[in-house]
file upload_11.txt (compact mmCIF, C-alpha atoms and all ligand atoms)
# COMPACT_ATOMS: atom_id res chain seq x y z
CA MET P 1 -3.78 10.35 -21.35
CA LYS P 2 -4.41 10.93 -17.63
CA THR P 3 -3.67 13.90 -15.42
CA ILE P 4 -4.51 14.44 -11.73
CA HIS P 5 -6.12 17.70 -10.60
CA LEU P 6 -6.60 19.18 -7.15
CA ILE P 7 -10.31 19.90 -6.83
CA ASN P 8 -10.70 20.79 -3.12
CA ARG P 9 -8.66 22.56 -0.51
CA PRO P 10 -9.09 20.00 2.30
CA GLU P 11 -9.83 20.90 5.89
CA GLY P 12 -8.10 18.41 8.15
CA THR P 13 -6.82 15.18 6.71
CA PRO P 14 -6.92 15.12 2.88
CA SER P 15 -8.75 12.30 1.08
CA LEU P 16 -9.05 10.81 -2.39
CA ASN P 17 -12.07 13.09 -2.94
CA ASP P 18 -9.71 16.06 -3.12
CA PHE P 19 -8.25 14.74 -6.38
CA LYS P 20 -9.78 14.13 -9.79
CA PHE P 21 -8.46 12.15 -12.75
CA VAL P 22 -8.91 14.16 -15.94
CA GLU P 23 -8.40 12.92 -19.52
CA GLU P 24 -6.39 15.17 -21.85
CA GLU P 25 -4.98 14.95 -25.34
CA LYS P 26 -1.37 13.86 -25.41
CA PRO P 27 0.54 17.10 -26.19
CA THR P 28 2.87 17.72 -29.12
CA PRO P 29 6.13 19.59 -28.49
CA LYS P 30 6.67 22.95 -30.19
CA GLU P 31 10.04 24.24 -31.35
CA GLY P 32 12.41 24.38 -28.33
CA GLU P 33 10.25 22.00 -26.24
CA LEU P 34 10.56 18.42 -24.99
CA LEU P 35 7.88 15.76 -24.75
CA LEU P 36 8.28 13.93 -21.45
CA LYS P 37 6.89 10.60 -20.29
CA THR P 38 6.50 10.40 -16.52
CA LEU P 39 8.40 7.49 -14.95
CA TYR P 40 8.62 8.21 -11.21
CA VAL P 41 6.62 10.65 -9.06
CA SER P 42 7.76 11.92 -5.68
CA VAL P 43 5.02 12.31 -3.08
CA ASP P 44 6.03 14.49 -0.15
CA PRO P 45 4.51 15.82 3.08
CA TYR P 46 5.12 19.48 2.06
CA ILE P 47 2.51 19.05 -0.71
CA ARG P 48 -0.11 19.22 2.07
CA GLY P 49 0.89 22.82 2.73
CA ARG P 50 0.54 23.67 -0.96
CA MET P 51 -3.09 22.48 -0.89
CA ARG P 52 -3.87 25.50 1.33
CA ASP P 53 -4.41 28.91 -0.21
CA THR P 54 -1.87 30.57 2.04
CA ALA P 55 1.46 32.22 1.35
CA SER P 56 4.47 30.01 2.00
CA TYR P 57 7.97 29.47 0.67
CA ILE P 58 6.33 27.84 -2.36
CA ALA P 59 3.14 28.99 -4.09
CA PRO P 60 -0.20 27.24 -3.36
CA LEU P 61 -1.38 24.65 -5.88
CA GLU P 62 -4.15 25.94 -8.12
CA LEU P 63 -7.62 24.46 -7.85
CA ASN P 64 -8.90 22.49 -10.86
CA ALA P 65 -5.38 22.35 -12.24
CA PRO P 66 -2.82 19.54 -12.25
CA MET P 67 -0.98 18.61 -9.06
CA GLU P 68 2.79 18.85 -9.24
CA SER P 69 5.90 17.56 -7.49
CA GLN P 70 9.40 16.38 -8.35
CA LEU P 71 9.30 13.78 -11.13
CA VAL P 72 11.72 11.68 -13.11
CA ALA P 73 10.71 11.60 -16.77
CA GLU P 74 12.06 10.28 -20.04
CA VAL P 75 12.48 12.54 -23.06
CA ILE P 76 10.54 10.78 -25.80
CA GLU P 77 10.74 13.61 -28.32
CA SER P 78 13.04 16.64 -28.36
CA LYS P 79 12.82 19.86 -30.31
CA ASN P 80 15.52 21.39 -28.12
CA SER P 81 19.18 20.97 -29.06
CA ASN P 82 20.24 20.49 -25.41
CA PHE P 83 18.20 17.29 -24.96
CA PHE P 84 17.90 14.02 -26.86
CA LYS P 85 15.31 11.30 -27.10
CA GLY P 86 16.17 8.78 -24.37
CA ASP P 87 17.53 11.37 -21.90
CA PHE P 88 16.19 11.19 -18.35
CA VAL P 89 15.38 14.39 -16.46
CA THR P 90 14.08 15.55 -13.07
CA GLY P 91 12.18 18.69 -12.25
CA MET P 92 9.10 20.15 -10.61
CA LEU P 93 6.56 18.79 -13.06
CA LYS P 94 2.84 18.07 -13.35
CA TRP P 95 1.08 14.87 -12.36
CA LYS P 96 0.47 13.95 -16.01
CA GLU P 97 1.39 10.80 -17.89
CA PHE P 98 2.93 12.96 -20.64
CA GLN P 99 3.77 16.67 -20.75
CA THR P 100 5.71 19.16 -22.80
CA VAL P 101 8.20 21.54 -21.19
CA PRO P 102 10.60 24.16 -22.43
CA GLY P 103 14.22 23.04 -22.06
CA THR P 104 14.49 24.97 -18.77
CA GLY P 105 13.61 23.86 -15.25
CA VAL P 106 14.62 20.24 -15.81
CA ASN P 107 18.00 18.62 -15.14
CA LYS P 108 19.44 15.54 -16.79
CA VAL P 109 20.13 12.53 -14.56
CA ASP P 110 22.29 9.52 -15.28
CA LYS P 111 20.59 6.12 -15.15
CA ASN P 112 23.97 4.39 -15.01
CA LYS P 113 25.10 6.17 -11.85
CA ALA P 114 22.06 5.40 -9.67
CA PRO P 115 18.56 3.95 -10.00
CA LEU P 116 16.32 6.69 -11.42
CA SER P 117 14.08 6.77 -8.34
CA ALA P 118 17.08 7.71 -6.15
CA TYR P 119 17.13 11.15 -7.81
CA LEU P 120 13.84 11.86 -6.00
CA GLY P 121 15.22 10.81 -2.61
CA VAL P 122 18.72 10.21 -1.38
CA LEU P 123 20.26 11.97 -4.42
CA GLY P 124 17.41 14.49 -4.62
CA LEU P 125 15.58 16.95 -2.40
CA THR P 126 15.23 14.77 0.68
CA GLY P 127 18.92 13.81 0.66
CA VAL P 128 20.05 17.41 0.36
CA THR P 129 17.54 18.44 3.03
CA ALA P 130 19.17 16.03 5.46
CA TYR P 131 22.70 17.07 4.52
CA LEU P 132 22.18 20.84 4.34
CA GLY P 133 19.91 21.03 7.39
CA LEU P 134 22.67 19.50 9.48
CA GLU P 135 25.42 21.43 7.71
CA LYS P 136 23.85 24.89 7.70
CA ILE P 137 22.06 24.85 11.04
CA GLY P 138 23.04 21.76 13.03
CA ASP P 139 26.73 22.60 13.50
CA LEU P 140 27.13 18.97 14.57
CA LYS P 141 30.35 18.06 16.38
CA GLU P 142 31.94 14.68 17.04
CA GLY P 143 30.78 13.08 20.27
CA GLU P 144 27.53 15.04 20.47
CA THR P 145 24.04 13.54 20.78
CA LEU P 146 21.73 13.95 17.79
CA LEU P 147 17.99 13.27 18.10
CA VAL P 148 16.01 12.80 14.86
CA SER P 149 12.24 12.50 14.44
CA GLY P 150 10.63 10.93 11.37
CA ALA P 151 13.70 8.73 11.71
CA ASP P 152 12.74 5.96 9.27
CA GLY P 153 11.57 8.48 6.64
CA ALA P 154 13.31 9.88 3.59
CA VAL P 155 14.98 12.81 5.36
CA GLY P 156 15.33 11.29 8.84
CA SER P 157 17.05 8.07 7.77
CA ILE P 158 19.76 10.07 5.98
CA VAL P 159 20.13 12.55 8.86
CA GLY P 160 20.80 9.69 11.26
CA GLN P 161 23.44 8.12 9.05
CA ILE P 162 25.24 11.45 8.58
CA GLY P 163 25.19 11.81 12.36
CA LYS P 164 26.98 8.46 12.66
CA ILE P 165 29.53 9.46 9.99
CA LYS P 166 30.23 12.59 12.08
CA GLY P 167 30.90 10.43 15.15
CA CYS P 168 27.75 11.30 17.10
CA LYS P 169 25.40 9.29 19.25
CA VAL P 170 22.15 9.14 17.24
CA ILE P 171 18.67 8.42 18.62
CA GLY P 172 15.63 8.23 16.33
CA ILE P 173 11.90 8.66 16.91
CA ALA P 174 9.45 6.78 14.67
CA GLY P 175 5.97 5.30 14.69
CA SER P 176 6.40 1.52 15.03
CA ASP P 177 8.66 -1.06 16.65
CA GLU P 178 9.48 -2.36 13.19
CA LYS P 179 10.71 1.10 12.19
CA ILE P 180 12.78 1.38 15.38
CA ASN P 181 14.35 -1.97 14.64
CA ARG P 182 15.11 -0.89 11.05
CA ILE P 183 16.77 2.41 11.98
CA LYS P 184 19.10 0.51 14.31
CA THR P 185 19.89 -2.45 12.07
CA LYS P 186 19.82 -0.83 8.62
CA PHE P 187 20.90 2.75 9.35
CA GLY P 188 23.13 2.30 12.42
CA PHE P 189 21.17 4.45 14.89
CA ASP P 190 22.21 3.85 18.50
CA GLY P 191 18.65 3.75 19.77
CA GLY P 192 15.06 4.62 19.04
CA ILE P 193 11.73 5.55 20.58
CA ASN P 194 8.32 4.48 19.27
CA TYR P 195 6.26 7.64 19.80
CA LYS P 196 3.00 5.74 19.32
CA THR P 197 3.51 3.38 22.24
CA THR P 198 5.52 5.51 24.67
CA GLN P 199 3.89 6.41 27.99
CA ASN P 200 5.95 9.57 28.31
CA ILE P 201 7.99 10.73 25.32
CA SER P 202 9.98 13.26 27.34
CA ASN P 203 11.06 10.60 29.87
CA ASP P 204 11.94 8.19 27.07
CA ILE P 205 14.07 10.85 25.38
CA ALA P 206 15.80 11.56 28.71
CA ASN P 207 16.50 7.84 29.19
CA SER P 208 17.79 7.38 25.62
CA CYS P 209 19.92 10.54 25.76
CA PRO P 210 21.46 10.48 29.27
CA ASP P 211 23.92 13.24 28.28
CA GLY P 212 21.09 15.41 26.90
CA ILE P 213 20.47 16.43 23.27
CA ASP P 214 22.93 18.68 21.46
CA VAL P 215 21.13 18.75 18.12
CA TYR P 216 17.48 17.96 17.43
CA PHE P 217 16.54 17.50 13.75
CA ASP P 218 12.79 18.06 13.82
CA ASN P 219 10.71 16.55 11.03
CA VAL P 220 7.42 16.35 12.92
CA GLY P 221 6.83 19.36 15.23
CA GLY P 222 4.02 19.22 17.83
CA GLU P 223 4.35 17.26 21.07
CA ILE P 224 7.56 15.54 20.02
CA LEU P 225 9.22 18.93 19.49
CA ASP P 226 7.98 20.06 22.91
CA ALA P 227 9.47 16.95 24.51
CA ALA P 228 12.77 17.35 22.68
CA LEU P 229 13.07 21.00 23.77
CA ALA P 230 12.70 19.92 27.40
CA ASN P 231 15.77 17.69 27.02
CA MET P 232 18.16 20.01 25.16
CA ASN P 233 21.65 20.78 26.41
CA LYS P 234 23.10 24.24 26.86
CA PHE P 235 23.94 25.73 23.45
CA GLY P 236 21.81 23.05 21.76
CA ARG P 237 20.63 23.53 18.18
CA VAL P 238 17.17 22.72 16.86
CA ILE P 239 16.64 22.38 13.11
CA ASN P 240 12.96 23.03 12.32
CA CYS P 241 12.74 21.12 9.06
CA GLY P 242 9.15 19.84 9.11
CA ALA P 243 6.03 19.54 11.25
CA ILE P 244 4.04 16.68 9.72
CA SER P 245 2.23 15.99 13.02
CA ILE P 246 0.31 19.26 12.63
CA TYR P 247 0.05 19.65 8.83
CA ASN P 248 -3.56 18.43 8.88
CA GLU P 249 -4.69 20.60 11.81
CA SER P 250 -7.08 23.41 10.93
CA GLU P 251 -5.87 25.40 13.90
CA ILE P 252 -2.29 25.11 15.08
CA PRO P 253 -2.42 23.54 18.57
CA MET P 254 -0.77 25.41 21.41
CA GLY P 255 2.21 23.62 22.91
CA PRO P 256 3.64 24.16 26.36
CA ARG P 257 5.02 27.68 26.65
CA VAL P 258 8.55 26.51 27.22
CA GLU P 259 9.10 29.46 29.53
CA GLY P 260 12.71 30.45 29.39
CA THR P 261 13.92 27.10 27.99
CA LEU P 262 15.64 28.62 24.99
CA ILE P 263 16.99 31.53 27.04
CA LYS P 264 18.26 29.56 30.02
CA LYS P 265 20.05 27.04 27.87
CA SER P 266 21.07 29.45 25.07
CA ILE P 267 19.41 27.16 22.53
CA ARG P 268 19.35 28.15 18.88
CA MET P 269 16.19 27.04 17.07
CA GLN P 270 16.07 27.84 13.37
CA GLY P 271 13.67 27.18 10.55
CA PHE P 272 15.16 25.45 7.55
CA THR P 273 13.91 25.57 3.96
CA VAL P 274 16.06 23.59 1.57
CA ARG P 275 15.18 25.83 -1.36
CA ASP P 276 17.16 28.65 0.30
CA TYR P 277 20.33 26.70 -0.47
CA VAL P 278 19.94 25.74 -4.13
CA LYS P 279 23.50 26.80 -4.89
CA ASP P 280 24.74 24.17 -2.41
CA PHE P 281 22.80 21.26 -3.92
CA GLY P 282 25.61 20.13 -6.25
CA PRO P 283 28.29 19.71 -3.56
CA ALA P 284 25.74 18.17 -1.17
CA ILE P 285 24.68 15.53 -3.70
CA LYS P 286 28.32 14.81 -4.54
CA GLN P 287 29.13 14.24 -0.86
CA ILE P 288 26.14 11.93 -0.39
CA ALA P 289 27.02 10.00 -3.56
CA ASP P 290 30.62 9.61 -2.33
CA TRP P 291 29.41 8.31 1.02
CA MET P 292 27.13 5.86 -0.80
CA GLN P 293 30.08 4.58 -2.84
CA GLU P 294 32.12 4.19 0.33
CA GLY P 295 29.27 2.15 1.84
CA LYS P 296 28.65 4.73 4.57
CA ILE P 297 25.14 5.69 3.46
CA THR P 298 22.35 3.45 2.34
CA TYR P 299 18.70 4.24 1.69
CA SER P 300 15.19 2.84 1.62
CA GLU P 301 12.37 3.46 -0.80
CA THR P 302 8.74 2.49 -0.78
CA ILE P 303 7.85 2.21 -4.45
CA VAL P 304 4.13 2.16 -5.21
CA GLU P 305 3.21 1.00 -8.72
CA GLY P 306 0.80 2.81 -11.02
CA PHE P 307 -0.14 6.38 -11.99
CA ASP P 308 -3.62 5.87 -10.51
CA ASN P 309 -2.11 5.28 -7.07
CA ILE P 310 -0.30 8.64 -6.78
CA PRO P 311 -2.97 10.30 -4.56
CA GLN P 312 -3.20 7.28 -2.24
CA ALA P 313 0.59 7.11 -1.91
CA PHE P 314 0.56 10.78 -0.87
CA LEU P 315 -2.18 10.12 1.72
CA ASP P 316 -0.27 7.12 3.06
CA LEU P 317 2.60 9.39 4.19
CA PHE P 318 0.34 10.63 6.97
CA GLU P 319 -0.26 7.03 8.07
CA GLY P 320 3.46 6.24 8.15
CA LYS P 321 3.08 3.55 5.50
CA ASN P 322 6.47 4.35 3.94
CA HIS P 323 10.00 3.25 4.77
CA GLY P 324 12.35 5.90 3.46
CA LYS P 325 11.34 7.77 0.33
CA MET P 326 7.79 7.28 -0.95
CA VAL P 327 7.86 7.16 -4.75
CA VAL P 328 5.29 6.13 -7.35
CA LYS P 329 6.51 4.20 -10.40
CA VAL P 330 4.26 4.96 -13.34
P1 LIG T 401 8.90 10.90 5.42
O1 LIG T 401 9.55 10.00 4.44
O2 LIG T 401 9.51 11.05 6.77
O3 LIG T 401 7.38 10.49 5.51
C1 LIG T 401 6.55 11.04 6.44
C2 LIG T 401 6.61 10.27 7.79
O4 LIG T 401 6.11 11.12 8.80
C3 LIG T 401 5.74 9.04 7.84
O5 LIG T 401 6.36 7.90 7.33
C4 LIG T 401 5.42 8.92 9.31
O6 LIG T 401 6.33 8.03 9.94
C5 LIG T 401 5.67 10.32 9.88
N1 LIG T 401 4.44 10.87 10.45
C6 LIG T 401 3.23 10.94 9.85
N2 LIG T 401 2.34 11.50 10.70
C7 LIG T 401 3.01 11.76 11.86
C8 LIG T 401 2.65 12.32 13.11
N3 LIG T 401 1.39 12.73 13.37
N4 LIG T 401 3.60 12.44 14.06
C9 LIG T 401 4.87 12.05 13.84
N5 LIG T 401 5.29 11.50 12.67
C10 LIG T 401 4.36 11.37 11.69
O7 LIG T 401 8.83 12.36 4.79
P2 LIG T 401 10.07 13.25 4.36
O8 LIG T 401 11.32 12.65 4.84
O9 LIG T 401 9.93 13.58 2.93
O10 LIG T 401 9.82 14.60 5.16
C11 LIG T 401 10.07 14.64 6.56
C12 LIG T 401 9.72 16.05 7.08
O11 LIG T 401 10.62 16.98 6.48
C13 LIG T 401 8.31 16.49 6.70
O12 LIG T 401 7.76 17.22 7.76
C14 LIG T 401 8.55 17.38 5.50
O13 LIG T 401 7.54 18.33 5.32
C15 LIG T 401 9.89 18.01 5.86
N6 LIG T 401 10.67 18.50 4.73
C16 LIG T 401 11.11 19.79 4.82
C17 LIG T 401 11.90 20.31 3.85
C18 LIG T 401 12.39 21.71 4.02
O14 LIG T 401 13.00 22.27 3.10
N7 LIG T 401 12.15 22.31 5.16
C19 LIG T 401 12.27 19.54 2.64
C20 LIG T 401 11.81 18.14 2.68
C21 LIG T 401 11.02 17.68 3.71
P3 LIG T 401 5.99 7.32 11.36
O15 LIG T 401 5.58 5.93 11.03
O16 LIG T 401 7.28 7.42 12.09
O17 LIG T 401 4.87 8.10 11.99
call {"tool": "encode", "arguments": {"input": "upload_11.txt", "output": "structure tokens"}}
result
Amino acid sequence: MKTIHLINRPEGTPSLNDFKFVEEEKPTPKEGELLLKTLYVSVDPYIRGRMRDTASYIAPLELNAPMESQLVAEVIESKNSNFFKGDFVTGMLKWKEFQTVPGTGVNKVDKNKAPLSAYLGVLGLTGVTAYLGLEKIGDLKEGETLLVSGADGAVGSIVGQIGKIKGCKVIGIAGSDEKINRIKTKFGFDGGINYKTTQNISNDIANSCPDGIDVYFDNVGGEILDAALANMNKFGRVINCGAISIYNESEIPMGPRVEGTLIKKSIRMQGFTVRDYVKDFGPAIKQIADWMQEGKITYSETIVEGFDNIPQAFLDLFEGKNHGKMVVKV
């Protein structure tokens, strides 16, 4: 059976050469263990940070060892009384076709309540990131203006819809006209800006948000963050959720020194790490699931087929090739 190892810590943009397919014996579960068959693999921008050997909120990936991310897997053999053959589970697992795990660190998911892949996105980490980022830091109020970057992505598309549920004006930033059209027609955004074709992102934000920005949900960092900061209202809130535009930089580029911007406008800018709120995941997922049932939230997935295509699907995130959650079906 196949497994995928990290074999280099890339400088700059990662490539297929940073991964290696390694053959291993299919494992046999010991007493108390489960044998899992991988069904769906989540590929996520934060994995880029784990390829560096630097301290972060999650440990670096080891070199010459299997990659890992959130997976959905099927229990095909159980020597643990809490799990049965045919159960489906999610957890932070290895990029292996089969693996054994102790009965801890995986959670059962119900195939009849939602498609299994949804537990990696809208009903998984990216859904709760959107919900809890807004809830814990955004302090979003009806009638306010919410700006979201990475707007057609897994987190951003849910953020925008929650903004609409809360009665806000929602503007999204994304990397193609097709994506801008989708966030308006599929997700109900009020407007959008294509950051790849704009002449002046700050002016475009000002034109799209004539009353200024009250909350900026930042998924990309860099120049787009700088431009958003220049357009914030007094007492605005900035949720620093991600910075994909600079994840591949060897040296973090210097932005404008927004002299006094935060002070003069009493802006609160706060980093957000979803793993700090694990105890809130259950209620967050319940609320998202309820909204889905009420038809207030929908979602997109880009499902790539085949275990061999996991590394390429990960690389494609940096090219914006996904709509919504990027998932690999094994
Ligand atoms: P997405 O589904 O949004 O996929 C990534 C998207 O980023 C691409 O589709 C692409 O869209 C956009 N992108 C790629 N390169 C650039 C660039 N140079 N400038 C601007 N946009 C770019 O990913 P997620 O929704 O999973 O994650 C969104 C962000 O949230 C990431 O930064 C991620 O690290 C972060 N995150 C943080 C968490 C936390 O706990 N803090 C938890 C989960 C995610 P486009 O075509 O628009 O360029």
call {"tool": "atom_distance", "arguments": {"input": "upload_11.txt", "atom1": "CA of Phe217 (chain P)", "atom2": "CA of Leu146 (chain P)"}}
result
7.5 Å
call {"tool": "residues_around", "arguments": {"input": "upload_11.txt", "residues": "region 175-178 of chain P", "least_positions_apart": "6", "cutoff": "12 Å", "atoms": "all atoms listed in the file", "output": "VMD selection string"}}
result
chain P and resid 149 to 153 184 to 186 191 to 198 220 224 245 317 to 323
call {"tool": "closest_residue", "arguments": {"input": "upload_11.txt", "among": "P:Asp218, P:Glu294, P:Glu77, P:Asp308", "to": "Cys241 (chain P)", "atoms": "all atoms listed in the file"}}
result
P:Asp218
call {"tool": "atom_distance", "arguments": {"input": "upload_11.txt", "atom1": "atom C4 of ligand LIG 401 (chain T)", "atom2": "CA of Val274 (chain P)"}}
result
19.7 Å
call {"tool": "closest_residue", "arguments": {"input": "upload_11.txt", "among": "P:Ser300, P:Val101, P:Ile76, P:Asn248", "to": "Arg182 (chain P)", "atoms": "all atoms listed in the file"}}
result
P:Ser300
call {"tool": "atom_distance", "arguments": {"input": "upload_11.txt", "atom1": "CA of Leu35 (chain P)", "atom2": "CA of Ile285 (chain P)"}}
result
26.9 Å
call {"tool": "closest_residue", "arguments": {"input": "upload_11.txt", "among": "P:Leu120, P:Ile162, P:Ile252, P:Cys168", "to": "Glu142 (chain P)", "atoms": "all atoms listed in the file"}}
result
P:Cys168
call {"tool": "residues_around", "arguments": {"input": "upload_11.txt", "residues": "Lys96 (chain P)", "least_positions_apart": "4", "cutoff": "10 Å", "atoms": "all atoms listed in the file", "output": "PyMOL selection string"}}
result
chain P and resi 1-5+21-24+26+36-38+41+66-68+307
call {"tool": "residues_near_point", "arguments": {"input": "upload_11.txt", "point": "(9.3, 16.5, -0.1)", "cutoff": "7 Å", "atoms": "only C-alpha atoms", "output": "PyMOL selection string"}}
result
chain P and resi 43-46+125-126
call {"tool": "residues_around", "arguments": {"input": "upload_11.txt", "residues": "Ser81 (chain P)", "least_positions_apart": "5", "cutoff": "10 Å", "atoms": "all atoms listed in the file", "output": "ChimeraX atom specification"}}
result
/P:31-34,103
call {"tool": "write_last_selection", "arguments": {"input": "upload_11.txt", "atoms": "C-alpha atoms", "output": "PDB file, in the frame of the given file"}}
result
ATOM      1  CA  GLU P  31      10.040  24.240 -31.350  1.00  0.00           C
ATOM      2  CA  GLY P  32      12.410  24.380 -28.330  1.00  0.00           C
ATOM      3  CA  GLU P  33      10.250  22.000 -26.240  1.00  0.00           C
ATOM      4  CA  LEU P  34      10.560  18.420 -24.990  1.00  0.00           C
ATOM      5  CA  GLY P 103      14.220  23.040 -22.060  1.00  0.00           C
TER       6      GLY P 103
END
call {"tool": "closest_residue", "arguments": {"input": "upload_11.txt", "among": "P:Glu305, P:Asp139, P:Glu223, P:Asp290", "to": "ligand LIG 401 (chain T)", "atoms": "all atoms listed in the file"}}
result
P:Glu223
call {"tool": "closest_residue", "arguments": {"input": "upload_11.txt", "among": "P:Gly143, P:Gly49, P:Pro60, P:Gly236", "to": "ligand LIG 401 (chain T)", "atoms": "only C-alpha atoms and all ligand atoms"}}
result
P:Gly49
call {"tool": "axis_aligned_box", "arguments": {"input": "upload_11.txt", "around": "region 60-78 of chain P", "padding_each_side": "3 Å", "output": "JSON"}}
result
{"center_x": 2.1, "center_y": 18.8, "center_z": -15.9, "size_x": 27.9, "size_y": 23.0, "size_z": 31.0}
call {"tool": "closest_residue", "arguments": {"input": "upload_11.txt", "among": "P:Val106, P:Val238, P:Leu39, P:Met326", "to": "ligand LIG 401 (chain T)", "atoms": "all atoms listed in the file"}}
result
P:Met326
call {"tool": "residues_near_point", "arguments": {"input": "upload_11.txt", "point": "(17.6, 29.8, 19.0)", "cutoff": "10 Å", "atoms": "all atoms listed in the file", "output": "list of chain:residue names"}}
result
P:Phe235, P:Gly236, P:Arg237, P:Val238, P:Ile239, P:Leu262, P:Ile263, P:Lys265, P:Ser266, P:Ile267, P:Arg268, P:Met269, P:Gln270, P:Gly271
call {"tool": "build_atoms", "arguments": {"input": "upload_11.txt", "residues": "region 215-227 of chain P", "atoms": "N, CA, C and O atoms", "output": "PDB file, in the coordinates of the input"}}
result
ATOM      1  N   VAL P 215      21.794  18.301  19.347  1.00  0.00           N
ATOM      2  CA  VAL P 215      21.130  18.750  18.120  1.00  0.00           C
ATOM      3  C   VAL P 215      19.845  17.938  17.946  1.00  0.00           C
ATOM      4  O   VAL P 215      19.867  16.708  18.016  1.00  0.00           O
ATOM      5  N   TYR P 216      18.738  18.643  17.737  1.00  0.00           N
ATOM      6  CA  TYR P 216      17.480  17.960  17.430  1.00  0.00           C
ATOM      7  C   TYR P 216      17.080  18.323  16.006  1.00  0.00           C
ATOM      8  O   TYR P 216      16.862  19.497  15.696  1.00  0.00           O
ATOM      9  N   PHE P 217      16.985  17.317  15.140  1.00  0.00           N
ATOM     10  CA  PHE P 217      16.540  17.500  13.750  1.00  0.00           C
ATOM     11  C   PHE P 217      15.054  17.175  13.733  1.00  0.00           C
ATOM     12  O   PHE P 217      14.656  16.020  13.812  1.00  0.00           O
ATOM     13  N   ASP P 218      14.240  18.230  13.640  1.00  0.00           N
ATOM     14  CA  ASP P 218      12.790  18.060  13.820  1.00  0.00           C
ATOM     15  C   ASP P 218      12.071  17.940  12.484  1.00  0.00           C
ATOM     16  O   ASP P 218      12.006  18.892  11.715  1.00  0.00           O
ATOM     17  N   ASN P 219      11.504  16.780  12.244  1.00  0.00           N
ATOM     18  CA  ASN P 219      10.710  16.550  11.030  1.00  0.00           C
ATOM     19  C   ASN P 219       9.220  16.542  11.310  1.00  0.00           C
ATOM     20  O   ASN P 219       8.422  16.432  10.382  1.00  0.00           O
ATOM     21  N   VAL P 220       8.832  16.613  12.607  1.00  0.00           N
ATOM     22  CA  VAL P 220       7.420  16.350  12.920  1.00  0.00           C
ATOM     23  C   VAL P 220       6.723  17.444  13.722  1.00  0.00           C
ATOM     24  O   VAL P 220       5.498  17.526  13.724  1.00  0.00           O
ATOM     25  N   GLY P 221       7.449  18.296  14.440  1.00  0.00           N
ATOM     26  CA  GLY P 221       6.830  19.360  15.230  1.00  0.00           C
ATOM     27  C   GLY P 221       5.961  18.820  16.359  1.00  0.00           C
ATOM     28  O   GLY P 221       6.130  17.683  16.815  1.00  0.00           O
ATOM     29  N   GLY P 222       5.027  19.643  16.839  1.00  0.00           N
ATOM     30  CA  GLY P 222       4.020  19.220  17.830  1.00  0.00           C
ATOM     31  C   GLY P 222       4.623  18.749  19.145  1.00  0.00           C
ATOM     32  O   GLY P 222       5.623  19.274  19.628  1.00  0.00           O
ATOM     33  N   GLU P 223       3.971  17.714  19.721  1.00  0.00           N
ATOM     34  CA  GLU P 223       4.350  17.260  21.070  1.00  0.00           C
ATOM     35  C   GLU P 223       5.761  16.704  21.125  1.00  0.00           C
ATOM     36  O   GLU P 223       6.424  16.776  22.155  1.00  0.00           O
ATOM     37  N   ILE P 224       6.206  16.119  20.016  1.00  0.00           N
ATOM     38  CA  ILE P 224       7.560  15.540  20.020  1.00  0.00           C
ATOM     39  C   ILE P 224       8.594  16.667  20.083  1.00  0.00           C
ATOM     40  O   ILE P 224       9.604  16.576  20.807  1.00  0.00           O
ATOM     41  N   LEU P 225       8.326  17.757  19.395  1.00  0.00           N
ATOM     42  CA  LEU P 225       9.220  18.930  19.490  1.00  0.00           C
ATOM     43  C   LEU P 225       9.227  19.460  20.923  1.00  0.00           C
ATOM     44  O   LEU P 225      10.291  19.754  21.479  1.00  0.00           O
ATOM     45  N   ASP P 226       8.043  19.565  21.530  1.00  0.00           N
ATOM     46  CA  ASP P 226       7.980  20.060  22.910  1.00  0.00           C
ATOM     47  C   ASP P 226       8.844  19.193  23.833  1.00  0.00           C
ATOM     48  O   ASP P 226       9.585  19.705  24.676  1.00  0.00           O
ATOM     49  N   ALA P 227       8.724  17.869  23.648  1.00  0.00           N
ATOM     50  CA  ALA P 227       9.470  16.950  24.510  1.00  0.00           C
ATOM     51  C   ALA P 227      10.974  17.046  24.251  1.00  0.00           C
ATOM     52  O   ALA P 227      11.784  16.969  25.185  1.00  0.00           O
TER      53      ALA P 227
END
